[in-house]
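Containing compact mmCIF, C-alpha atoms and all ligand atoms: run.txt.
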```
# COMPACT_ATOMS: atom_id res chain seq x y z
CA MET A 1 9.52 -3.68 2.99
CA GLU A 2 8.04 -5.26 6.04
CA GLY A 3 7.35 -3.60 9.33
CA SER A 4 5.26 -0.62 10.03
CA GLY A 5 7.90 2.03 10.35
CA ASP A 6 10.02 3.90 7.89
CA ASP A 7 13.13 2.55 9.47
CA GLU A 8 15.38 3.56 6.65
CA GLU A 9 13.78 6.89 6.00
CA PRO A 10 15.22 10.03 7.44
CA ASP A 11 12.86 12.02 9.56
CA TRP A 12 13.98 15.52 8.83
CA LEU A 13 13.46 18.22 11.35
CA LEU A 14 13.32 21.66 9.87
CA PRO A 15 16.20 23.89 10.79
CA GLU A 16 15.99 27.02 12.77
CA PRO A 17 15.79 30.00 10.48
CA GLY A 18 19.35 30.71 9.47
CA GLY A 19 20.62 27.38 10.80
CA SER A 20 22.00 24.53 8.73
CA PRO A 21 19.45 22.01 7.50
CA GLY A 22 19.42 18.35 8.32
CA ARG A 23 18.26 15.54 10.47
CA ASP A 24 19.77 16.89 13.64
CA SER A 25 18.83 20.50 13.38
CA LEU A 26 15.82 21.26 15.47
CA ALA A 27 13.34 23.94 14.75
CA ALA A 28 12.82 26.38 17.52
CA GLY A 29 9.90 25.27 19.62
CA GLY A 30 7.71 28.25 20.39
CA ARG A 31 9.72 30.58 18.21
CA VAL A 32 7.94 32.43 15.44
CA PRO A 33 9.60 31.80 12.10
CA SER A 34 9.91 34.77 9.84
CA CYS A 35 7.56 33.26 7.24
CA HIS A 36 4.63 33.72 9.61
CA GLY A 37 1.84 35.76 8.13
CA LYS A 38 2.88 34.89 4.57
CA VAL A 39 0.24 32.92 2.76
CA VAL A 40 0.13 30.95 -0.46
CA SER A 41 -2.94 32.31 -2.21
CA ALA A 42 -5.62 29.85 -3.26
CA GLY A 43 -5.16 30.80 -6.91
CA SER A 44 -1.42 30.06 -6.88
CA SER A 45 -0.12 27.00 -8.71
CA LEU A 46 1.70 26.17 -5.46
CA HIS A 47 -1.42 26.20 -3.31
CA ARG A 48 -2.46 22.55 -3.63
CA ILE A 49 -0.77 19.80 -1.70
CA ILE A 50 -1.22 16.41 -3.35
CA VAL A 51 -0.10 12.98 -2.21
CA HIS A 52 0.30 10.16 -4.68
CA LEU A 53 0.29 6.70 -3.10
CA ASP A 54 1.47 3.59 -4.92
CA LEU A 55 1.39 0.21 -3.20
CA ASP A 56 4.55 -1.89 -3.20
CA CYS A 57 4.55 -4.96 -5.48
CA PHE A 58 0.79 -4.94 -5.20
CA TYR A 59 -0.37 -8.38 -6.30
CA ALA A 60 2.60 -10.02 -4.57
CA GLN A 61 1.86 -8.06 -1.40
CA VAL A 62 -1.75 -9.23 -1.38
CA GLU A 63 -0.55 -12.81 -1.83
CA MET A 64 1.82 -12.41 1.12
CA ILE A 65 -0.96 -10.95 3.27
CA CYS A 66 -3.21 -13.91 2.40
CA ASN A 67 -0.44 -16.42 2.97
CA PRO A 68 2.21 -15.12 5.40
CA GLU A 69 4.37 -18.19 4.73
CA LEU A 70 5.32 -16.55 1.45
CA ARG A 71 6.96 -13.64 3.24
CA GLY A 72 10.72 -13.40 3.10
CA ARG A 73 10.92 -15.64 0.03
CA PRO A 74 11.29 -14.41 -3.55
CA LEU A 75 7.77 -14.41 -4.94
CA GLY A 76 6.40 -13.81 -8.42
CA VAL A 77 2.80 -13.46 -9.57
CA GLN A 78 2.11 -15.20 -12.84
CA GLN A 79 -0.50 -14.52 -15.50
CA LYS A 80 -0.20 -16.92 -18.42
CA TYR A 81 3.52 -16.98 -19.33
CA LEU A 82 4.26 -13.55 -17.84
CA MET A 83 5.26 -12.63 -14.31
CA VAL A 84 3.30 -9.40 -13.84
CA THR A 85 4.97 -8.48 -10.58
CA CYS A 86 7.30 -9.85 -7.93
CA ASN A 87 8.18 -8.96 -4.36
CA TYR A 88 11.33 -7.06 -3.45
CA GLU A 89 13.19 -10.21 -2.38
CA ALA A 90 12.81 -11.40 -6.00
CA ARG A 91 13.80 -7.95 -7.32
CA ASN A 92 16.96 -8.08 -5.21
CA ALA A 93 17.77 -11.34 -7.03
CA GLY A 94 17.55 -9.56 -10.39
CA VAL A 95 13.95 -10.45 -11.25
CA LYS A 96 11.96 -7.62 -12.81
CA LYS A 97 8.26 -6.86 -13.27
CA CYS A 98 6.85 -8.17 -16.55
CA MET A 99 9.64 -10.66 -17.17
CA SER A 100 8.67 -13.92 -18.79
CA VAL A 101 8.27 -16.71 -16.26
CA LYS A 102 11.10 -18.55 -17.98
CA GLU A 103 13.57 -15.69 -17.64
CA ALA A 104 12.52 -14.99 -14.05
CA LYS A 105 13.16 -18.63 -13.10
CA GLU A 106 16.55 -18.49 -14.77
CA LYS A 107 17.47 -15.37 -12.78
CA CYS A 108 16.17 -16.79 -9.52
CA PRO A 109 15.69 -20.58 -9.46
CA GLU A 110 14.19 -20.47 -5.95
CA LEU A 111 11.46 -18.08 -7.10
CA VAL A 112 8.02 -19.11 -5.79
CA LEU A 113 5.25 -18.49 -8.32
CA VAL A 114 1.57 -17.99 -7.60
CA ASN A 115 -1.16 -17.70 -10.19
CA GLY A 116 -2.60 -14.20 -10.35
CA GLU A 117 -5.18 -14.59 -13.10
CA ASP A 118 -8.17 -14.23 -10.80
CA LEU A 119 -8.14 -10.56 -9.84
CA THR A 120 -10.87 -10.82 -7.16
CA LYS A 121 -8.70 -10.45 -4.09
CA TYR A 122 -6.58 -7.70 -5.66
CA ARG A 123 -9.70 -5.73 -6.55
CA GLU A 124 -11.10 -6.17 -3.07
CA MET A 125 -7.90 -4.95 -1.45
CA SER A 126 -7.72 -2.09 -3.92
CA TYR A 127 -11.15 -0.81 -2.92
CA LYS A 128 -10.37 -1.24 0.77
CA PHE A 129 -7.25 0.88 0.21
CA THR A 130 -9.23 3.67 -1.46
CA ALA A 131 -11.99 3.49 1.16
CA LEU A 132 -9.40 3.88 3.92
CA LEU A 133 -8.01 7.02 2.29
CA GLU A 134 -11.55 8.37 1.92
CA GLU A 135 -11.88 8.24 5.70
CA PHE A 136 -9.33 11.07 5.80
CA THR A 137 -10.81 13.17 2.97
CA PRO A 138 -13.32 12.63 0.18
CA LEU A 139 -10.80 14.02 -2.32
CA VAL A 140 -9.37 10.68 -3.42
CA GLU A 141 -8.90 9.72 -7.06
CA ARG A 142 -8.15 6.17 -8.07
CA LEU A 143 -5.53 5.61 -10.70
CA GLY A 144 -5.38 1.93 -11.51
CA LEU A 145 -5.73 -0.71 -8.84
CA ASP A 146 -2.86 0.26 -6.57
CA GLU A 147 -2.51 4.02 -6.96
CA ASN A 148 -4.49 6.93 -5.58
CA PHE A 149 -4.12 10.68 -5.58
CA VAL A 150 -5.24 12.42 -2.41
CA ASP A 151 -5.74 16.18 -2.26
CA ILE A 152 -4.68 17.04 1.28
CA THR A 153 -4.67 20.83 0.87
CA GLU A 154 -7.44 21.34 3.39
CA MET A 155 -5.88 18.95 5.90
CA VAL A 156 -2.64 20.90 5.61
CA GLU A 157 -4.44 24.22 6.07
CA ILE A 158 -6.11 22.97 9.25
CA ARG A 159 -2.71 21.94 10.55
CA LEU A 160 -1.25 25.31 9.63
CA GLU A 161 -3.98 27.02 11.65
CA GLN A 162 -3.22 24.77 14.59
CA TRP A 163 0.50 25.39 14.18
CA LYS A 164 -0.13 29.14 14.40
CA LYS A 165 -2.24 28.63 17.52
CA ASP A 166 0.58 26.58 18.98
CA ALA A 167 2.88 29.57 18.51
CA PHE A 168 4.73 28.06 15.53
CA SER A 169 6.02 25.02 17.37
CA LYS A 170 8.59 22.66 15.93
CA ILE A 171 7.73 21.07 12.54
CA SER A 172 9.26 17.94 11.14
CA LEU A 173 9.40 16.78 7.57
CA SER A 174 8.76 13.08 7.19
CA GLY A 175 10.71 10.99 4.66
CA HIS A 176 13.04 12.13 1.91
CA VAL A 177 13.37 15.42 0.08
CA TYR A 178 13.90 15.01 -3.66
CA ASN A 179 17.55 15.70 -4.53
CA ASN A 180 18.20 16.20 -0.85
CA GLN A 181 17.32 19.84 -1.27
CA THR A 182 17.42 22.24 1.64
CA VAL A 183 14.14 22.91 3.38
CA ASP A 184 13.72 26.60 4.06
CA LEU A 185 11.67 27.47 7.08
CA HIS A 186 11.17 30.97 5.70
CA ASP A 187 9.35 29.60 2.69
CA PRO A 188 5.61 29.09 3.19
CA VAL A 189 5.43 26.51 0.38
CA HIS A 190 8.14 24.45 2.07
CA ILE A 191 6.22 24.62 5.34
CA ARG A 192 3.04 23.41 3.60
CA LEU A 193 4.91 20.55 1.96
CA ALA A 194 6.48 19.57 5.27
CA MET A 195 3.00 19.43 6.81
CA GLY A 196 1.91 17.42 3.77
CA SER A 197 4.71 14.95 4.41
CA GLN A 198 3.36 14.37 7.89
CA VAL A 199 -0.11 13.71 6.52
CA ALA A 200 1.37 11.29 3.96
CA ALA A 201 3.21 9.45 6.74
CA GLU A 202 -0.04 9.16 8.67
CA LEU A 203 -1.88 7.79 5.63
CA ARG A 204 0.84 5.20 5.13
CA ALA A 205 0.82 4.28 8.81
CA ALA A 206 -2.97 3.76 8.65
CA MET A 207 -2.59 1.65 5.50
CA HIS A 208 -0.18 -0.56 7.35
CA SER A 209 -1.94 -0.83 10.69
CA ARG A 210 -5.44 -1.30 9.24
CA LEU A 211 -4.79 -3.29 6.06
CA GLY A 212 -1.22 -4.55 6.44
CA LEU A 213 -0.22 -2.68 3.26
CA THR A 214 2.99 -0.84 2.52
CA GLY A 215 3.51 1.66 -0.27
CA CYS A 216 5.36 4.72 -1.47
CA ALA A 217 4.14 8.29 -1.37
CA GLY A 218 5.07 11.41 -3.26
CA VAL A 219 4.14 14.82 -1.88
CA ALA A 220 4.10 17.80 -4.24
CA THR A 221 2.05 20.77 -5.37
CA ASN A 222 0.27 18.98 -8.22
CA LYS A 223 -0.81 15.53 -9.34
CA LEU A 224 1.77 15.12 -12.07
CA LEU A 225 4.71 15.96 -9.81
CA SER A 226 3.43 13.89 -6.89
CA LYS A 227 3.17 10.84 -9.17
CA LEU A 228 6.59 11.38 -10.65
CA VAL A 229 8.32 11.83 -7.31
CA SER A 230 6.61 9.03 -5.38
CA GLY A 231 8.78 6.23 -6.73
CA THR A 232 12.10 7.97 -6.03
CA PHE A 233 12.75 5.78 -3.00
CA LYS A 234 11.21 2.30 -3.03
CA PRO A 235 9.78 0.32 -1.36
CA ASN A 236 7.84 1.66 1.62
CA GLN A 237 9.24 5.19 1.61
CA GLN A 238 8.09 8.68 0.78
CA THR A 239 9.53 11.73 -0.94
CA VAL A 240 8.65 15.40 -0.95
CA LEU A 241 9.30 17.52 -4.01
CA LEU A 242 10.11 21.16 -3.26
CA PRO A 243 9.30 23.60 -6.10
CA GLU A 244 13.04 24.10 -6.63
CA GLY A 245 13.42 20.43 -7.55
CA ARG A 246 10.79 20.46 -10.30
CA GLN A 247 13.12 21.15 -13.20
CA ASP A 248 15.59 18.43 -12.16
CA LEU A 249 12.77 15.94 -11.77
CA MET A 250 11.38 16.71 -15.23
CA ASN A 251 14.83 16.61 -16.80
CA SER A 252 15.48 13.22 -15.22
CA LEU A 253 12.84 11.76 -17.56
CA ASP A 254 14.73 10.73 -20.64
CA ASN A 255 11.68 10.06 -22.77
CA VAL A 256 8.48 12.06 -23.25
CA MET A 257 6.47 8.86 -22.71
CA LYS A 258 7.56 8.92 -19.07
CA VAL A 259 5.44 12.04 -18.56
CA PRO A 260 2.05 10.87 -17.28
CA GLY A 261 -0.50 12.13 -19.79
CA ILE A 262 1.72 11.65 -22.84
CA GLY A 263 0.86 8.35 -24.41
CA TYR A 264 2.28 6.20 -27.15
CA LYS A 265 0.44 7.90 -30.02
CA THR A 266 1.40 11.43 -28.99
CA ALA A 267 5.00 10.33 -28.43
CA LYS A 268 5.05 8.89 -31.96
CA ARG A 269 3.85 12.18 -33.43
CA LEU A 270 6.44 14.06 -31.38
CA ALA A 271 9.12 11.71 -32.71
CA THR A 272 8.23 12.76 -36.25
CA LEU A 273 9.22 16.28 -35.17
CA GLY A 274 12.48 14.93 -33.78
CA LEU A 275 11.31 15.35 -30.18
CA THR A 276 12.07 12.46 -27.85
CA THR A 277 13.29 13.87 -24.55
CA VAL A 278 11.40 16.05 -22.13
CA ARG A 279 13.98 18.78 -22.74
CA ASP A 280 13.22 18.59 -26.51
CA LEU A 281 9.54 19.10 -25.80
CA GLN A 282 10.14 21.97 -23.38
CA THR A 283 12.21 23.90 -25.86
CA CYS A 284 10.21 23.21 -29.03
CA PRO A 285 8.68 26.43 -30.44
CA ALA A 286 4.95 26.44 -29.67
CA ALA A 287 4.01 27.14 -33.30
CA ILE A 288 5.68 23.92 -34.51
CA LEU A 289 3.96 21.83 -31.86
CA GLU A 290 0.60 23.44 -32.51
CA ARG A 291 0.84 22.75 -36.23
CA GLU A 292 1.36 19.05 -35.56
CA LEU A 293 -1.00 18.51 -32.63
CA GLY A 294 -3.46 21.39 -32.55
CA SER A 295 -3.22 24.20 -30.05
CA SER A 296 -5.03 22.61 -27.14
CA VAL A 297 -3.01 19.35 -27.06
CA ALA A 298 0.22 21.22 -27.86
CA GLN A 299 -0.21 23.66 -25.00
CA HIS A 300 -1.29 20.92 -22.62
CA ILE A 301 1.66 18.61 -23.21
CA GLN A 302 4.17 21.45 -23.23
CA LYS A 303 2.88 22.49 -19.81
CA LEU A 304 3.20 18.89 -18.63
CA SER A 305 6.80 18.83 -19.83
CA TRP A 306 7.52 21.71 -17.45
CA GLY A 307 5.82 19.84 -14.62
CA GLU A 308 2.74 22.08 -14.71
CA ASP A 309 -0.60 20.42 -14.07
CA ASP A 310 -3.66 22.23 -12.79
CA SER A 311 -6.01 19.25 -13.00
CA PRO A 312 -7.89 18.74 -9.74
CA VAL A 313 -8.13 15.47 -7.86
CA SER A 314 -11.55 14.26 -8.96
CA PRO A 315 -13.07 11.81 -6.51
CA SER A 316 -13.61 8.50 -8.23
CA GLY A 317 -16.54 7.29 -6.15
CA LEU A 318 -17.85 3.85 -7.00
CA PRO A 319 -16.82 2.33 -10.34
CA GLN A 320 -19.24 3.13 -13.15
CA SER A 321 -18.86 -0.27 -14.72
CA LEU A 322 -17.64 -3.73 -13.83
CA SER A 323 -15.81 -5.81 -16.39
CA ASP A 324 -13.83 -8.96 -16.89
CA GLU A 325 -11.75 -10.21 -19.78
CA ASP A 326 -9.66 -13.06 -21.07
CA SER A 327 -7.39 -13.60 -24.04
CA PHE A 328 -9.22 -16.85 -25.02
CA ARG A 329 -5.88 -18.15 -26.20
CA LYS A 330 -6.62 -21.69 -25.06
CA CYS A 331 -10.01 -21.80 -26.80
CA SER A 332 -10.15 -23.42 -30.19
CA SER A 333 -13.85 -24.24 -30.60
CA GLU A 334 -17.13 -22.40 -30.17
CA ALA A 335 -18.06 -24.65 -27.24
CA GLU A 336 -14.85 -23.69 -25.42
CA VAL A 337 -15.49 -20.02 -26.07
CA LYS A 338 -19.03 -20.32 -24.69
CA LYS A 339 -17.75 -22.14 -21.60
CA LYS A 340 -15.14 -19.43 -21.00
CA ILE A 341 -17.75 -16.68 -21.41
CA GLU A 342 -19.97 -18.42 -18.88
CA GLU A 343 -17.09 -18.56 -16.41
CA LEU A 344 -16.36 -14.86 -16.92
CA LEU A 345 -20.02 -13.98 -16.58
CA ALA A 346 -20.39 -16.00 -13.37
CA SER A 347 -17.54 -14.15 -11.73
CA LEU A 348 -18.84 -10.81 -13.02
CA LEU A 349 -22.30 -11.51 -11.64
CA ASP A 350 -20.79 -12.41 -8.32
CA ARG A 351 -19.10 -9.01 -8.18
CA LEU A 352 -22.29 -7.31 -9.28
CA TYR A 353 -24.20 -9.02 -6.51
CA LYS A 354 -21.63 -7.97 -3.91
CA ASP A 355 -21.71 -4.41 -5.25
CA GLY A 356 -25.45 -4.26 -4.62
CA ARG A 357 -26.32 -1.76 -7.37
CA LYS A 358 -28.59 -2.66 -10.28
CA PRO A 359 -26.95 -2.71 -13.71
CA HIS A 360 -28.75 -1.32 -16.72
CA THR A 361 -26.52 -2.15 -19.68
CA ILE A 362 -24.41 -5.06 -20.76
CA ARG A 363 -21.59 -4.63 -23.24
CA LEU A 364 -19.55 -7.27 -25.02
CA THR A 365 -16.19 -6.25 -26.44
CA ILE A 366 -13.98 -8.34 -28.67
CA ARG A 367 -10.56 -7.79 -30.08
CA GLN A 368 -9.43 -10.10 -32.83
CA PHE A 369 -5.94 -11.45 -33.17
CA SER A 370 -4.88 -11.94 -36.75
CA PRO A 371 -2.90 -14.92 -38.02
CA THR A 372 -0.01 -12.49 -38.53
CA ASN A 373 0.06 -11.79 -34.78
CA LYS A 374 -1.51 -8.37 -34.95
CA TRP A 375 -4.28 -7.10 -32.73
CA PHE A 376 -7.22 -5.46 -34.42
CA ASN A 377 -9.13 -2.59 -32.82
CA ARG A 378 -11.76 -3.38 -30.23
CA GLU A 379 -15.36 -3.79 -31.35
CA SER A 380 -18.27 -3.49 -28.93
CA ARG A 381 -22.00 -4.17 -28.88
CA GLN A 382 -24.24 -3.22 -25.99
CA CYS A 383 -27.88 -3.48 -25.01
CA PRO A 384 -30.11 -2.72 -22.01
CA ILE A 385 -30.52 -5.55 -19.53
CA PRO A 386 -34.21 -6.61 -19.41
CA SER A 387 -35.91 -5.46 -16.21
CA HIS A 388 -36.93 -8.96 -15.09
CA VAL A 389 -33.26 -9.98 -15.18
CA VAL A 390 -32.27 -6.86 -13.20
CA GLN A 391 -34.90 -7.83 -10.58
CA ARG A 392 -33.35 -11.26 -10.19
CA ILE A 393 -29.87 -9.80 -9.76
CA GLY A 394 -31.33 -7.69 -6.95
CA THR A 395 -32.62 -10.78 -5.15
CA GLY A 396 -29.28 -12.49 -5.36
CA ASN A 397 -30.53 -15.17 -7.73
CA ARG A 398 -27.35 -15.96 -9.55
CA ARG A 399 -28.63 -18.74 -11.74
CA TYR A 400 -29.32 -16.72 -14.84
CA GLY A 401 -25.96 -17.35 -16.53
CA CYS A 402 -25.63 -16.15 -20.09
CA ARG A 403 -29.33 -15.49 -20.49
CA THR A 404 -28.70 -11.88 -19.50
CA SER A 405 -26.89 -11.42 -22.74
CA ASN A 406 -29.43 -11.03 -25.49
CA CYS A 407 -27.38 -8.55 -27.47
CA ARG A 408 -27.77 -8.55 -31.19
CA ARG A 409 -24.42 -10.00 -32.05
P1 LIG A 501 2.70 -1.50 -10.49
O1 LIG A 501 2.32 -0.45 -9.50
O2 LIG A 501 3.33 -1.08 -11.78
O3 LIG A 501 3.72 -2.50 -9.84
P2 LIG A 501 3.77 -3.11 -8.39
O4 LIG A 501 2.79 -2.48 -7.46
O5 LIG A 501 3.64 -4.58 -8.51
O6 LIG A 501 5.25 -2.82 -7.95
P3 LIG A 501 5.89 -1.44 -7.45
O7 LIG A 501 6.40 -1.74 -6.08
O8 LIG A 501 7.02 -1.20 -8.41
O9 LIG A 501 4.85 -0.38 -7.49
O10 LIG A 501 1.45 -2.37 -10.86
C1 LIG A 501 0.43 -2.71 -9.90
C2 LIG A 501 -0.08 -4.13 -10.14
O11 LIG A 501 -0.64 -4.20 -11.46
C3 LIG A 501 0.99 -5.18 -10.09
O12 LIG A 501 1.17 -5.67 -8.77
C4 LIG A 501 0.50 -6.23 -11.03
C5 LIG A 501 -0.39 -5.50 -11.99
N1 LIG A 501 0.25 -5.38 -13.31
C6 LIG A 501 -0.25 -6.13 -14.40
O13 LIG A 501 -1.21 -6.88 -14.24
N2 LIG A 501 0.36 -6.01 -15.60
C7 LIG A 501 1.43 -5.19 -15.81
O14 LIG A 501 1.95 -5.12 -16.93
C8 LIG A 501 1.93 -4.42 -14.70
C9 LIG A 501 3.12 -3.51 -14.85
C10 LIG A 501 1.31 -4.55 -13.48
MG MG A 502 2.66 -0.38 -7.18
```
Mind turning the file's structure into structure tokens?
Ligand code: TTP
Ligand code: MG
Amino acid sequence: MEGSGDDEEPDWLLPEPGGSPGRDSLAAGGRVPSCHGKVVSAGSSLHRIIVHLDLDCFYAQVEMICNPELRGRPLGVQQKYLMVTCNYEARNAGVKKCMSVKEAKEKCPELVLVNGEDLTKYREMSYKFTALLEEFTPLVERLGLDENFVDITEMVEIRLEQWKKDAFSKISLSGHVYNNQTVDLHDPVHIRLAMGSQVAAELRAAMHSRLGLTGCAGVATNKLLSKLVSGTFKPNQQTVLLPEGRQDLMNSLDNVMKVPGIGYKTAKRLATLGLTTVRDLQTCPAAILERELGSSVAQHIQKLSWGEDDSPVSPSGLPQSLSDEDSFRKCSSEAEVKKKIEELLASLLDRLYKDGRKPHTIRLTIRQFSPTNKWFNRESRQCPIPSHVVQRIGTGNRRYGCRTSNCRR
């Protein structure tokens, strides 16, 4: 996964109209393909071009960037007794994400472990990653710390205009095509996706040259499909999904929970109807689904099961809240709990200070763990932060500790 290039990725060149597809078939420079003049209307479900980017072994990658000596060795990132991620050298040795530290060490005795409980440097890199993408277009939506959707429709359209001005010069498709499907130069959607693949390659190249990061990209006509296709080839590779591959991609998901947007609770309710696979959900009569889930949810998830998603990329902007948490597992007295809260608050205030904005509310959330090893639901209390405390945050005075928290709880 190191190196800036996509050494192992094919760089497909689109075939001449009528010619056989493949790496070696060149498009006709200067020749006008027969799709010219055809447009994909803005209202069409195939109009958008979305890239989903997911960083490779994110926490482990950040650790390797901070300490290059770790490169080339199997590396795991540990939080408590769990290894939350590991680099690809460790994965090649049979170690998997979310294995217990014990099992990971058994699989790979030479595994190097670093503690990943302080998320500061991962968060910082995550925001740098998003900010870099925002230099290309403001249409960037964060999805967790190491994933972003980017709507590149307009960038593709600008390129299409240029391509027409250049008398339909040669186009290349960067990376893989899902299911190795044939790219058809007569098809305007294929052309748009090919242009999208070039944009995706440029985003990934910028990520690497500017931040030293590698990741995978999926290019498709909506968010759902771009996310689903991006991990087809890992690490440090990219895949385009042509519309003709949509059904195969959806059918490759054996469980409805693998469809982004269908969570545990919905999957449980679907199971009561005997629906577990994506195919089950696709073919379930709408009336049965609607009776169980209501018409809006039923229609929404059935559309998702067909790979249909018209949700726009909504720019995330700055985070609306900053938070920190801990399981408090090692705390057995009130004094220890208070000490832990002070530590959490100190790190939170540090982030708040760096952020520069003034907070107006503080919220405390707890989740109790019962003696029978069951988590209870979260409970929260919040209150406005007094203005004199807000003033002091603005001046960088960080010595106000827990006094900010005068919630009634
Ligand atoms: P992922 O994107 O799921 O994993 P990854 O980036 O480590 O590896 P991949 O190459 O397969 O994309 O998660 C992103 C980060 O989130 C991961 O580096 C560590 C963290 N994480 C947790 O803290 N807890 C978890 O249960 C998982 C799955 C990830
Ligand atoms: Mg990742």
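Put simply, atom CA of Gln198 of chain A is 22.4 Å away from atom CA of Leu143 of chain A.
Residue nearest ligand LIG 501 (chain A), chosen from A:Val183, A:Cys216, A:Leu139, A:Ala200 and counting all atoms listed in the file: A:Cys216.
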Can you work out which residues are within 12 Å of ligand MG 502 (chain A), considering only C-alpha atoms and all ligand atoms, and then hand them over as a ChimeraX atom specification? /A:52-62,84-88,97,122,126,143-148,213-217,227,230-231,234-236
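The shortest atom-to-atom distance to ligand LIG 501 (chain A), with all atoms listed in the file taken into account, belongs to A:Cys98 out of A:Cys98, A:Glu89, A:Thr272, A:Arg73.
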Which one of A:Gln79, A:Asn67, A:Gln368, A:Ser100 sits closest to ligand LIG 501 (chain A) if you count all atoms listed in the file? A:Gln79
Neighbours of segment 107-114 of chain A within 7 Å (all atoms listed in the file; same-chain residues fewer than 2 positions away dropped), as a PyMOL selection string? chain A and resi 74-78+90+93-95+103-105+116
So that I can check the surroundings of segment 265-270 of chain A, please list as a list in words every protein, DNA and RNA residue that reaches within 9 Å of it, counting only C-alpha atoms and ignoring chain neighbours fewer than 3 positions away. Asn255, Val256, Met257, Ile262, Leu273, Gly274, Leu275, Thr276, Leu281, Leu289, Glu292 and Leu293 of chain A
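Each of A:Leu119, A:Leu242, A:Ala167, A:Leu46 was checked against ligand LIG 501 (chain A) using only C-alpha atoms and all ligand atoms; the smallest atom-to-atom distance is that of A:Leu119.
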Centre and size of axis-aligned box enclosing segment 179-186 of chain A plus 8 Å each side, as lines of an AutoDock Vina configuration file:
```
center_x = 14.7
center_y = 23.3
center_z = 1.3
size_x = 23.0
size_y = 31.3
size_z = 27.6
```
Cut-off 10 Å around (4.0, 23.5, -21.9) with only C-alpha atoms: residues as a PyMOL selection string: chain A and resi 281-284+286+297-309
Using all atoms listed in the file, the best pick from A:Tyr127, A:Phe168, A:Tyr178, A:Phe233 as closest to ligand LIG 501 (chain A) would be A:Phe233
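Taking atom CA of Pro138 of chain A and atom CA of Lys358 of chain A as the two end points, the separation is 24.0 Å.
Shortest separation to Ala201 of chain A among A:Val390, A:Leu225, A:Val337, A:Leu173 occurs at residue A:Leu173, atoms counted being all atoms listed in the file.
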Anything within 12 Å of (-1.3, 14.4, 6.6): list those residues as number ranges by chain, counting all atoms listed in the file and sticking to the file's coordinates. A: 49-51, 133, 136-137, 150-160, 173-174, 192-206, 217, 219
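The gap separating atom CA of Arg329 of chain A from atom O12 of ligand LIG 501 (chain A) is 22.6 Å, in Å to one decimal.
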Sorted by chain and rising residue number, which residues of segment 125-206 of chain A lie within 12 Å of segment 245-250 of chain A, and what are their closest atom pairs and distances in Å to one decimal, counting all atoms listed in the file, as a tab-separated table?
```
residue	atom	partner	partner_atom	distance
A:Val177	CA	A:Gly245	CA	9.1
A:Tyr178	CA	A:Gly245	CA	6.7
A:Asn179	CA	A:Gly245	CA	7.0
A:Asn180	CA	A:Gly245	CA	9.3
A:Gln181	CA	A:Gly245	CA	7.4
A:Thr182	CA	A:Gly245	CA	10.2
A:Val183	CA	A:Gly245	CA	11.2
A:His190	CA	A:Gly245	CA	11.7
```
Taking 4 positions as the minimum chain separation for residues in the same chain, which residues sit within 12 Å of segment 372-379 of chain A when counting all atoms listed in the file? Answer as a list of chain:residue names. A:Ser327, A:Arg363, A:Leu364, A:Thr365, A:Ile366, A:Arg367, A:Gln368, A:Arg409
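Excluding segment 384-389 of chain A itself and any same-chain residue fewer than 2 positions from it, the protein and nucleic acid residues within 6 Å of it, counting only C-alpha atoms, are His360, Thr361, Gln391 and Arg392 of chain A.
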Please fill the gaps in segment 39-47 of chain A so it has N, CA and C atoms, and write that as a compact mmCIF listing (two decimals), in the frame of the given file.
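Below you can see out-v3.txt, which holds the result:
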```
# COMPACT_ATOMS: atom_id res chain seq x y z
N VAL A 39 1.16 33.98 3.17
CA VAL A 39 0.24 32.92 2.76
C VAL A 39 0.50 32.57 1.30
N VAL A 40 0.07 31.36 0.94
CA VAL A 40 0.13 30.95 -0.46
C VAL A 40 -1.30 31.08 -0.96
N SER A 41 -1.54 32.02 -1.85
CA SER A 41 -2.94 32.31 -2.21
C SER A 41 -3.57 31.11 -2.91
N ALA A 42 -4.91 31.02 -2.74
CA ALA A 42 -5.62 29.85 -3.26
C ALA A 42 -5.50 29.74 -4.77
N GLY A 43 -5.26 30.86 -5.45
CA GLY A 43 -5.16 30.80 -6.91
C GLY A 43 -3.76 30.41 -7.39
N SER A 44 -2.80 30.34 -6.48
CA SER A 44 -1.42 30.06 -6.88
C SER A 44 -1.27 28.60 -7.31
N SER A 45 -0.36 28.38 -8.26
CA SER A 45 -0.12 27.00 -8.71
C SER A 45 0.57 26.20 -7.60
N LEU A 46 1.01 26.87 -6.56
CA LEU A 46 1.70 26.17 -5.46
C LEU A 46 0.78 25.95 -4.26
N HIS A 47 -0.50 26.26 -4.45
CA HIS A 47 -1.42 26.20 -3.31
C HIS A 47 -1.77 24.76 -2.91
```
